2 protein chains.
Amino acid sequence: MKKMFYPESVVVLGVSSSLDNMGKFIVRNLQQFGFKGPIYAVGSRSGEVYGVKIHTSVFDIPEPVDFAAILVPAEHIPQILIDCGRKGIKRVLISSGGFSEYEGGKVKLERVLLDIASNYGLRFLGPNCIGIVNMDNGLCLPFNPMDPNDLRAGNNSLLAQSGGVTLHLGNIFSDEMAGINKMVSFGNKLNIDEVDLLSYLLEDESTKNIFIYLEGMKRCHSFLELAGKSRKPIVVLKANRSPVAGEIARSHTAALASNDDIVEGALRQAGIVRVETLEEMVLCAKVFSLPPLRGNNLVVLSMSGGLAVIGADSSAKYGFQLPSLPDDLLKYIEERRKGGVIHLTNPMDFGDVYDFRVMFHTIERILALDYVNGLVVSLPYMKRMEVYLSKTEGLSLMGKTFRDWTERRNKPIGLSFFTTRSNLDMLKKQIEFPIFDNLTDSIKAFAYSRAFWQHH
Amino acid sequence: MKKMFYPESVVVLGVSSSLDNMGKFIVRNLQQFGFKGPIYAVGSRSGEVYGVKIHTSVFDIPEPVDFAAILVPAEHIPQILIDCGRKGIKRVLISSGGFSEYEGGKVKLERVLLDIASNYGLRFLGPNCIGIVNMDNGLCLPFNPMDPNDLRAGNNSLLAQSGGVTLHLGNIFSDEMAGINKMVSFGNKLNIDEVDLLSYLLEDESTKNIFIYLEGMKRCHSFLELAGKSRKPIVVLKANRSPVAGEIARSHTAALASNDDIVEGALRQAGIVRVETLEEMVLCAKVFSLPPLRGNNLVVLSMSGGLAVIGADSSAKYGFQLPSLPDDLLKYIEERRKGGVIHLTNPMDFGDVYDFRVMFHTIERILALDYVNGLVVSLPYMKRMEVYLSKTEGLSLMGKTFRDWTERRNKPIGLSFFTTRSNLDMLKKQIEFPIFDNLTDSIKAFAYSRAFWQHH
């Protein structure tokens with residue numbers, strides 16, 4: 001499977017220089033993402049795209065080739081796949097759609113492809129998918145133009161049946177400081193499925209966390225067995241839960257719905273974190289880039305009394321305890337407050353102190369407490385903040401400081417801001433630390449972290 | 001109560017020109033927000049702030065005054081309130097904290113204030129709050145510096161015990177195209193409470209939707225009776241649901257927790273939309289700025305098959321039906337698709353058509369169908385989109401078109417984009433139409449709209 005992600009050379013089949021040809025974008029993406037090995041192109045007419053010569057047959061390429069990406073109409077694929085086999089190519093991506101996900105069904109064609117693969121000892125991804133992006137080596141195979149600036153490199157890997165979901169999550173993860181290592185859209189998973197891919201990612205050294213979007217499960221037992229042994233967090237969104245979803249999913253990736261209750265129980269037993277929405281998947285991407293939450297004891301800090309109340313409600317909802325803080329720490333804070341109008345407790349309303357330096361010192365001391373497993377803090381962002389932190393250096397220093405503290409104590413800080421979306425966006429760009437959209441989200445995310453780490 | 005929101009003149013008591021004086025910011029906010037009537041200032045030392053003379057006594061003001069905003073330490077308030085009464089001021093805001101929300105308790109002081117108010121026939125808001133912002137007349141009374149550019153005028157009014165929550169929601173609503181009409185932080189609600197305020201907002205012509213954040217309810221019965229008669233949507237976030245929240249809420253606004261199950265049932269019976277988080281309140285602000293959803297029949301449109309599956313799951317979760325579309329419409333779309341690989345149904349994966357003009361025409365025709373109550377659409381945002389819509393004019397025209405269609409058919413469109421947060425932010429600035437963060441959110445919001453309008 002490693003060769004799927006780290007081939008030494010790639011040929012794209014189905015390339016032409018015409019305006020609406022999509023094969024040529026694969027060539028371009030490989031170049032743009034800095035794939036180091038030779039890139040070849042094959043099409044029905046000879047020519048050139050982006051400086052790459054278009055051959056009319058794979059046999060015209062003098063060198064051996066490791067990997068083939070195929071994007072031609074479904075009915076031509078058998079012959080092309082045979083050619084790949086004869087050329088000695090062992091790893092193939094079939095991007096084209098038009099197989100069993102189409103209403104007419106072309107199941108016979110699928111059978112033919114499987115037989116060819118078996119005859120030539122080759123493995124293929126797809127059909128009906130956008131393939132692989134490997135940020136490690138620039139293997140970027142989607143057939144739509146990709147911009148390397150939209151993706152941040154990191155240690156999260158994504159598997160998704162849907163190409164749209166793959167690209168979307170890739171962009172959002174990157175935007176939210178959760179960088180991508182590998183992402184794979186595997187479509188109809190005729191030959192290579194989520195079990196093969198998961199098995200590889202569990203061994204892949206550059207992958208730390210694994211995120212999987214599924215519309216159907218075929219080898220459920222093997223999947224759960226593998227996942228059960230994983231020491232890396234695995235987050236699964238199993239869509240296609242309702243009868244209507246079943247109909248569209250069959251059309252989308254030929255996926256069959258499974259009984260949702262059974263799936264839920266089985267995933268939980270295997271120690272998998274199950275989410276219901278893409279947004280919850282993004283929450284997981286943030287929280288699993290923080291140290292583990294190993295227990296139920298949280299401290300909630302806010303500069304608004306209203307948010308402290310909401311934080312207490314959310315903590316109760318997700319089953320967290322809010323233990324009391326030591327007297328000497330409370331005394332330290334009390335001596336620094338202005339109006340003396342607020343009762344200091346956990347959740348703590350810091351509105352009466354309103355001093356970022358005191359708050360940060362408090363955070364550092366709270367993390368050092370043995371009985372505290374994690375801390376969530378909601379900071380206001382207003383123009384006034386710049387009195388305390390210089391707008392740029394202050395914010396980036398804050399991210400660095402929080403990262404140092406969480407790593408030293410091996411406990412997470414769930415950071416959020418009490419501000420508008422536009423400010424949040426600005427803050428996310430400046431602070432190199434995961435930022436949750438709001439206090440409730442940070443507590444919900446902590447529940448996912450606890451769920452995984454209590455078994456590991 | 002109208003005089004509370006539309007006074008002709010205002011005096012701020014507790015003003016000085018010192019750096020940390022907060023009373024002077026009230027003077028400044030009134031000026032910045034364009035309050036038209038005379039603004040007076042009173043403080044212990046004479047002087048001037050922002051061109052306004054500081055008197056040392058309210059009796060030094062030659063003219064009569066309508067409204068007083070008081071921000072002095074708690075123990076000085078009784079005398080100041082008596083002075084206001086003698087001066088003939090009938091409407092007062094007491095911003096200062098330090099009353100029963102403080103652990104020591106100053107309940108006796110509260111009793112004194114109530115007696116003074118009763119003697120002089122005056123009504124007061126607070127204590128322990130940031131008061132009123134009325135976008136209609138520029139009455140802007142918070143004691144922190146406010147920027148008029150952070151708030152958009154509109155027809156949503158907010159009531160909240162917490163000052164932080166008030167300001168935060170005001171900013172977020174504005175940022176999300178849900179403009180503000182009036183917002184009130186009412187703190188300990190000693191004299192004026194949510195029932196008085198709600199009663200006024202129900203009659204207020206410029207208020208269309210009402211949003212209320214409560215930490216405790218005192219006159220529960222009157223509140224529910226009033227709300228039950230409302231023809232305006234009322235959305236309530238009743239925080240302080242858990243025992244720990246109870247402790248901090250008591251400290252924050254002296255609120256007592258109520259039995260949550262009873263509150264839930266009673267609110268529902270009164271036709272109130274109850275939400276659990278501030279983010280859900282923002283969802284409601286968006287959906288109630290759209291025409292009502294009057295039924296269960298939705299159409300889900302997306303350009304990604306994965307999202308269509310997720311849309312079907314979300315529709316099932318919130319109890320919506322996805323009826324079939326008429327054959328002539330399906331035929332129209334089928335004739336325009338490229339690969340012929342996708343089964344056309346509801347939810348509809350438009351990925352194979354990928355033409356915004358065809359999609360928009362489809363939306364228009366779907367809204368015209370009698371049996372369809374609303375439509376949710378998830379658009380991709382990629383650089384490719386600009387092939388179809390010119391980046392600026394196209395997007396703003398799209399917002400205008402969607403608004404026209406929803407108004408003509410009196411049905412909502414739940415618009416979302418399948419893109420990064422940064423792009424979403426850009427789109428929200430350009431499209432004058434509510435944009436949900438994602439497809440699931442738009443369907444969840446539709447459930448709130450249905451819940452309210454099925455009773456009204």
# chains A, B, ... in the order shown; residues from 1 in each chain; ligands from 1

call {"tool": "select_by_dssp", "arguments": {"residues": "region 291-441 of chain B", "states": "strand (DSSP E or B)", "output": "ChimeraX atom specification"}}
result
/B:297-302,321,348-349,374-380,413-418,435-436

call {"tool": "residues_around", "arguments": {"residues": "region 59-73 of chain B", "least_positions_apart": "2", "cutoff": "7 Å", "atoms": "only C-alpha atoms", "output": "ChimeraX atom specification"}}
result
/B:7-14,23,55,57,75-77,87,89-96

call {"tool": "atom_distance", "arguments": {"atom1": "CA of Val263 (chain B)", "atom2": "CA of Leu283 (chain B)"}}
result
21.5 Å

call {"tool": "select_by_dssp", "arguments": {"residues": "region 115-356 of chain A", "states": "helix (DSSP H, G or I)", "output": "PyMOL selection string"}}
result
chain A and resi 115-120+148-150+163-175+194-203+220-229+243-253+260-269+278-287+305-317+327-334+356

call {"tool": "residues_around", "arguments": {"residues": "Val299 (chain A)", "least_positions_apart": "6", "cutoff": "10 Å", "atoms": "only C-alpha atoms", "output": "VMD selection string"}}
result
chain A and resid 311 to 312 315 320 to 325 345 to 348 363 366 to 367 372 to 377 413

call {"tool": "atom_distance", "arguments": {"atom1": "CA of Asp147 (chain B)", "atom2": "CA of Gln31 (chain B)"}}
result
11.0 Å

call {"tool": "closest_residue", "arguments": {"among": "A:Met22, A:Met1, A:Ala451, A:Cys220", "to": "Ile130 (chain A)", "atoms": "only C-alpha atoms"}}
result
A:Met22

call {"tool": "residues_around", "arguments": {"residues": "Tyr448 (chain A)", "least_positions_apart": "3", "cutoff": "8 Å", "atoms": "only C-alpha atoms", "output": "list of chain:residue names"}}
result
A:Val273, A:Cys284, A:Val287, A:Lys444, A:Ala445, A:Ala451, A:Phe452

call {"tool": "residues_around", "arguments": {"residues": "Gly170 (chain B)", "least_positions_apart": "2", "cutoff": "9 Å", "atoms": "only C-alpha atoms", "output": "list in words"}}
result
Asp150, Leu151, Arg152, Leu158, Val165, Thr166, Leu167, His168, Ile172, Phe173, Ser174, Asp175, Gly179, Ile180 and Met183 of chain B

call {"tool": "write_last_selection", "arguments": {"atoms": "all heavy atoms", "output": "short mmCIF file (atom, residue, chain, number, x, y, z; two decimals), in the first residue's frame"}}
result
data_model
loop_
_atom_site.label_atom_id
_atom_site.label_comp_id
_atom_site.auth_asym_id
_atom_site.auth_seq_id
_atom_site.Cartn_x
_atom_site.Cartn_y
_atom_site.Cartn_z
N ASP B 150 -19.75 48.55 14.61
CA ASP B 150 -19.86 47.15 15.01
C ASP B 150 -21.31 46.68 15.01
O ASP B 150 -21.58 45.49 15.13
CB ASP B 150 -19.28 46.93 16.41
CG ASP B 150 -17.77 47.04 16.42
OD1 ASP B 150 -17.17 46.98 15.33
OD2 ASP B 150 -17.19 47.21 17.51
N LEU B 151 -22.25 47.62 14.93
CA LEU B 151 -23.67 47.23 14.99
C LEU B 151 -24.40 47.63 13.72
O LEU B 151 -24.22 48.73 13.21
CB LEU B 151 -24.34 47.89 16.20
CG LEU B 151 -23.90 47.38 17.58
CD1 LEU B 151 -24.56 48.19 18.68
CD2 LEU B 151 -24.26 45.90 17.76
N ARG B 152 -25.24 46.75 13.23
CA ARG B 152 -26.06 47.00 12.05
C ARG B 152 -27.49 47.22 12.53
O ARG B 152 -27.99 46.49 13.38
CB ARG B 152 -25.99 45.76 11.16
CG ARG B 152 -26.93 45.72 9.98
CD ARG B 152 -26.95 44.31 9.38
NE ARG B 152 -25.66 43.96 8.82
CZ ARG B 152 -25.33 44.11 7.53
NH1 ARG B 152 -26.23 44.57 6.67
NH2 ARG B 152 -24.15 43.78 7.10
N LEU B 158 -33.06 42.42 21.47
CA LEU B 158 -32.42 41.48 22.39
C LEU B 158 -32.64 41.90 23.83
O LEU B 158 -32.42 43.07 24.16
CB LEU B 158 -30.90 41.55 22.21
CG LEU B 158 -30.22 41.03 20.99
CD1 LEU B 158 -28.72 41.36 21.09
CD2 LEU B 158 -30.42 39.53 20.92
N VAL B 165 -23.09 39.06 27.31
CA VAL B 165 -23.88 38.33 26.32
C VAL B 165 -24.62 39.32 25.41
O VAL B 165 -24.69 39.13 24.20
CB VAL B 165 -24.88 37.37 27.02
CG1 VAL B 165 -25.89 36.82 26.05
CG2 VAL B 165 -24.11 36.23 27.68
N THR B 166 -25.14 40.39 25.99
CA THR B 166 -25.84 41.40 25.19
C THR B 166 -24.95 41.96 24.10
O THR B 166 -25.30 41.97 22.91
CB THR B 166 -26.30 42.57 26.08
OG1 THR B 166 -27.01 42.06 27.20
CG2 THR B 166 -27.19 43.53 25.31
N LEU B 167 -23.77 42.42 24.49
CA LEU B 167 -22.86 43.04 23.53
C LEU B 167 -22.40 42.03 22.49
O LEU B 167 -22.33 42.32 21.29
CB LEU B 167 -21.64 43.62 24.24
CG LEU B 167 -21.94 44.78 25.18
CD1 LEU B 167 -20.66 45.21 25.89
CD2 LEU B 167 -22.55 45.95 24.41
N HIS B 168 -22.08 40.83 22.96
CA HIS B 168 -21.59 39.78 22.08
C HIS B 168 -22.65 39.43 21.03
O HIS B 168 -22.38 39.41 19.82
CB HIS B 168 -21.26 38.57 22.93
CG HIS B 168 -20.75 37.40 22.16
ND1 HIS B 168 -19.62 37.47 21.38
CD2 HIS B 168 -21.22 36.13 22.04
CE1 HIS B 168 -19.41 36.29 20.81
NE2 HIS B 168 -20.37 35.47 21.20
N ILE B 172 -22.53 39.87 16.98
CA ILE B 172 -22.64 38.70 16.10
C ILE B 172 -23.86 38.81 15.20
O ILE B 172 -23.78 38.53 14.00
CB ILE B 172 -22.68 37.40 16.93
CG1 ILE B 172 -21.32 37.21 17.60
CG2 ILE B 172 -23.01 36.22 16.04
CD1 ILE B 172 -21.08 35.83 18.11
N PHE B 173 -25.00 39.19 15.76
CA PHE B 173 -26.19 39.37 14.93
C PHE B 173 -25.86 40.33 13.79
O PHE B 173 -26.18 40.07 12.63
CB PHE B 173 -27.35 39.96 15.76
CG PHE B 173 -28.16 38.94 16.51
CD1 PHE B 173 -27.58 37.83 17.10
CD2 PHE B 173 -29.54 39.09 16.63
CE1 PHE B 173 -28.34 36.89 17.79
CE2 PHE B 173 -30.32 38.16 17.32
CZ PHE B 173 -29.71 37.07 17.90
N SER B 174 -25.23 41.43 14.11
CA SER B 174 -24.91 42.44 13.09
C SER B 174 -24.00 41.87 12.02
O SER B 174 -24.17 42.11 10.83
CB SER B 174 -24.22 43.64 13.75
OG SER B 174 -25.07 44.19 14.74
N ASP B 175 -23.03 41.09 12.46
CA ASP B 175 -22.05 40.48 11.57
C ASP B 175 -22.72 39.46 10.64
O ASP B 175 -22.22 39.17 9.55
CB ASP B 175 -21.03 39.74 12.45
CG ASP B 175 -19.65 39.68 11.84
OD1 ASP B 175 -19.25 40.67 11.22
OD2 ASP B 175 -18.97 38.64 11.99
N GLY B 179 -29.81 42.50 11.67
CA GLY B 179 -29.61 43.79 12.33
C GLY B 179 -30.37 43.92 13.64
O GLY B 179 -31.34 43.22 13.90
N ILE B 180 -29.90 44.86 14.45
CA ILE B 180 -30.41 45.07 15.81
C ILE B 180 -31.35 46.28 15.83
O ILE B 180 -31.04 47.31 15.23
CB ILE B 180 -29.24 45.38 16.75
CG1 ILE B 180 -28.27 44.19 16.81
CG2 ILE B 180 -29.73 45.75 18.15
CD1 ILE B 180 -28.86 42.96 17.41
N MET B 183 -31.35 46.71 22.14
CA MET B 183 -30.82 45.66 23.00
C MET B 183 -30.72 46.16 24.42
O MET B 183 -30.39 47.32 24.65
CB MET B 183 -29.52 45.06 22.47
CG MET B 183 -28.44 46.00 22.08
SD MET B 183 -27.17 45.09 21.14
CE MET B 183 -25.69 45.80 21.89
#

call {"tool": "decode", "arguments": {"residues": "region 345-357 of chain A", "atoms": "all heavy atoms", "output": "PDB file, in the first residue's frame"}}
result
ATOM      1  N   THR A 345     -15.176  31.459  41.849  1.00  0.00           N
ATOM      2  CA  THR A 345     -15.413  30.031  41.978  1.00  0.00           C
ATOM      3  C   THR A 345     -15.004  29.371  40.663  1.00  0.00           C
ATOM      4  O   THR A 345     -14.290  29.966  39.861  1.00  0.00           O
ATOM      5  CB  THR A 345     -16.908  29.782  42.313  1.00  0.00           C
ATOM      6  OG1 THR A 345     -17.157  28.389  42.358  1.00  0.00           O
ATOM      7  CG2 THR A 345     -17.827  30.402  41.280  1.00  0.00           C
ATOM      8  N   ASN A 346     -15.389  28.131  40.424  1.00  0.00           N
ATOM      9  CA  ASN A 346     -15.165  27.456  39.143  1.00  0.00           C
ATOM     10  C   ASN A 346     -16.531  27.014  38.641  1.00  0.00           C
ATOM     11  O   ASN A 346     -17.155  26.198  39.299  1.00  0.00           O
ATOM     12  CB  ASN A 346     -14.245  26.249  39.363  1.00  0.00           C
ATOM     13  CG  ASN A 346     -14.030  25.442  38.089  1.00  0.00           C
ATOM     14  OD1 ASN A 346     -14.298  25.924  36.990  1.00  0.00           O
ATOM     15  ND2 ASN A 346     -13.571  24.212  38.230  1.00  0.00           N
ATOM     16  N   PRO A 347     -17.080  27.520  37.546  1.00  0.00           N
ATOM     17  CA  PRO A 347     -16.479  28.388  36.537  1.00  0.00           C
ATOM     18  C   PRO A 347     -16.169  29.770  37.088  1.00  0.00           C
ATOM     19  O   PRO A 347     -16.913  30.289  37.910  1.00  0.00           O
ATOM     20  CB  PRO A 347     -17.566  28.473  35.467  1.00  0.00           C
ATOM     21  CG  PRO A 347     -18.839  28.272  36.201  1.00  0.00           C
ATOM     22  CD  PRO A 347     -18.505  27.260  37.258  1.00  0.00           C
ATOM     23  N   MET A 348     -15.090  30.355  36.601  1.00  0.00           N
ATOM     24  CA  MET A 348     -14.680  31.642  37.135  1.00  0.00           C
ATOM     25  C   MET A 348     -14.974  32.775  36.164  1.00  0.00           C
ATOM     26  O   MET A 348     -14.566  32.745  35.015  1.00  0.00           O
ATOM     27  CB  MET A 348     -13.193  31.622  37.456  1.00  0.00           C
ATOM     28  CG  MET A 348     -12.782  32.921  38.153  1.00  0.00           C
ATOM     29  SD  MET A 348     -11.061  32.883  38.639  1.00  0.00           S
ATOM     30  CE  MET A 348     -11.173  31.696  39.980  1.00  0.00           C
ATOM     31  N   ASP A 349     -15.695  33.751  36.687  1.00  0.00           N
ATOM     32  CA  ASP A 349     -15.970  34.976  35.947  1.00  0.00           C
ATOM     33  C   ASP A 349     -14.851  35.959  36.278  1.00  0.00           C
ATOM     34  O   ASP A 349     -14.764  36.458  37.392  1.00  0.00           O
ATOM     35  CB  ASP A 349     -17.334  35.509  36.382  1.00  0.00           C
ATOM     36  CG  ASP A 349     -17.630  36.873  35.801  1.00  0.00           C
ATOM     37  OD1 ASP A 349     -16.806  37.388  35.019  1.00  0.00           O
ATOM     38  OD2 ASP A 349     -18.693  37.427  36.152  1.00  0.00           O
ATOM     39  N   PHE A 350     -13.999  36.200  35.321  1.00  0.00           N
ATOM     40  CA  PHE A 350     -12.812  37.044  35.526  1.00  0.00           C
ATOM     41  C   PHE A 350     -13.116  38.513  35.196  1.00  0.00           C
ATOM     42  O   PHE A 350     -12.204  39.339  35.149  1.00  0.00           O
ATOM     43  CB  PHE A 350     -11.694  36.540  34.607  1.00  0.00           C
ATOM     44  CG  PHE A 350     -10.380  36.288  35.309  1.00  0.00           C
ATOM     45  CD1 PHE A 350     -10.201  35.139  36.069  1.00  0.00           C
ATOM     46  CD2 PHE A 350      -9.323  37.181  35.210  1.00  0.00           C
ATOM     47  CE1 PHE A 350      -8.994  34.900  36.708  1.00  0.00           C
ATOM     48  CE2 PHE A 350      -8.117  36.947  35.842  1.00  0.00           C
ATOM     49  CZ  PHE A 350      -7.955  35.805  36.596  1.00  0.00           C
ATOM     50  N   GLY A 351     -14.387  38.802  34.956  1.00  0.00           N
ATOM     51  CA  GLY A 351     -14.778  40.131  34.480  1.00  0.00           C
ATOM     52  C   GLY A 351     -14.381  41.245  35.411  1.00  0.00           C
ATOM     53  O   GLY A 351     -14.201  42.394  34.999  1.00  0.00           O
ATOM     54  N   ASP A 352     -14.223  40.903  36.664  1.00  0.00           N
ATOM     55  CA  ASP A 352     -13.950  41.907  37.675  1.00  0.00           C
ATOM     56  C   ASP A 352     -12.450  42.145  37.817  1.00  0.00           C
ATOM     57  O   ASP A 352     -12.016  43.124  38.418  1.00  0.00           O
ATOM     58  CB  ASP A 352     -14.542  41.397  38.988  1.00  0.00           C
ATOM     59  CG  ASP A 352     -14.702  42.514  39.978  1.00  0.00           C
ATOM     60  OD1 ASP A 352     -14.752  43.673  39.542  1.00  0.00           O
ATOM     61  OD2 ASP A 352     -14.768  42.207  41.182  1.00  0.00           O
ATOM     62  N   VAL A 353     -11.666  41.236  37.301  1.00  0.00           N
ATOM     63  CA  VAL A 353     -10.203  41.405  37.335  1.00  0.00           C
ATOM     64  C   VAL A 353      -9.787  42.083  36.032  1.00  0.00           C
ATOM     65  O   VAL A 353      -9.114  43.114  36.015  1.00  0.00           O
ATOM     66  CB  VAL A 353      -9.486  40.046  37.483  1.00  0.00           C
ATOM     67  CG1 VAL A 353      -7.978  40.234  37.482  1.00  0.00           C
ATOM     68  CG2 VAL A 353      -9.964  39.330  38.733  1.00  0.00           C
ATOM     69  N   TYR A 354     -10.255  41.503  34.945  1.00  0.00           N
ATOM     70  CA  TYR A 354     -10.033  42.052  33.617  1.00  0.00           C
ATOM     71  C   TYR A 354      -8.591  42.468  33.382  1.00  0.00           C
ATOM     72  O   TYR A 354      -8.306  43.590  32.967  1.00  0.00           O
ATOM     73  CB  TYR A 354     -10.983  43.231  33.338  1.00  0.00           C
ATOM     74  CG  TYR A 354     -11.515  43.148  31.928  1.00  0.00           C
ATOM     75  CD1 TYR A 354     -12.769  42.613  31.679  1.00  0.00           C
ATOM     76  CD2 TYR A 354     -10.719  43.518  30.836  1.00  0.00           C
ATOM     77  CE1 TYR A 354     -13.242  42.470  30.390  1.00  0.00           C
ATOM     78  CE2 TYR A 354     -11.179  43.367  29.551  1.00  0.00           C
ATOM     79  CZ  TYR A 354     -12.442  42.861  29.329  1.00  0.00           C
ATOM     80  OH  TYR A 354     -12.908  42.714  28.053  1.00  0.00           O
ATOM     81  N   ASP A 355      -7.708  41.547  33.686  1.00  0.00           N
ATOM     82  CA  ASP A 355      -6.285  41.816  33.467  1.00  0.00           C
ATOM     83  C   ASP A 355      -5.716  40.540  32.850  1.00  0.00           C
ATOM     84  O   ASP A 355      -5.715  39.481  33.478  1.00  0.00           O
ATOM     85  CB  ASP A 355      -5.618  42.142  34.806  1.00  0.00           C
ATOM     86  CG  ASP A 355      -4.141  42.473  34.635  1.00  0.00           C
ATOM     87  OD1 ASP A 355      -3.470  41.848  33.790  1.00  0.00           O
ATOM     88  OD2 ASP A 355      -3.652  43.350  35.363  1.00  0.00           O
ATOM     89  N   PHE A 356      -5.260  40.659  31.601  1.00  0.00           N
ATOM     90  CA  PHE A 356      -4.809  39.469  30.896  1.00  0.00           C
ATOM     91  C   PHE A 356      -3.591  38.831  31.563  1.00  0.00           C
ATOM     92  O   PHE A 356      -3.436  37.624  31.561  1.00  0.00           O
ATOM     93  CB  PHE A 356      -4.523  39.789  29.430  1.00  0.00           C
ATOM     94  CG  PHE A 356      -5.774  39.946  28.618  1.00  0.00           C
ATOM     95  CD1 PHE A 356      -6.404  41.180  28.510  1.00  0.00           C
ATOM     96  CD2 PHE A 356      -6.350  38.854  27.988  1.00  0.00           C
ATOM     97  CE1 PHE A 356      -7.577  41.322  27.781  1.00  0.00           C
ATOM     98  CE2 PHE A 356      -7.521  38.983  27.249  1.00  0.00           C
ATOM     99  CZ  PHE A 356      -8.135  40.220  27.149  1.00  0.00           C
ATOM    100  N   ARG A 357      -2.720  39.690  32.141  1.00  0.00           N
ATOM    101  CA  ARG A 357      -1.529  39.107  32.767  1.00  0.00           C
ATOM    102  C   ARG A 357      -1.910  38.247  33.959  1.00  0.00           C
ATOM    103  O   ARG A 357      -1.412  37.145  34.146  1.00  0.00           O
ATOM    104  CB  ARG A 357      -0.548  40.210  33.165  1.00  0.00           C
ATOM    105  CG  ARG A 357       0.215  40.776  31.966  1.00  0.00           C
ATOM    106  CD  ARG A 357       0.738  42.152  32.279  1.00  0.00           C
ATOM    107  NE  ARG A 357      -0.390  43.032  32.668  1.00  0.00           N
ATOM    108  CZ  ARG A 357      -0.258  44.312  32.980  1.00  0.00           C
ATOM    109  NH1 ARG A 357       0.923  44.876  32.986  1.00  0.00           N
ATOM    110  NH2 ARG A 357      -1.318  45.037  33.303  1.00  0.00           N
TER     111      ARG A 357
END
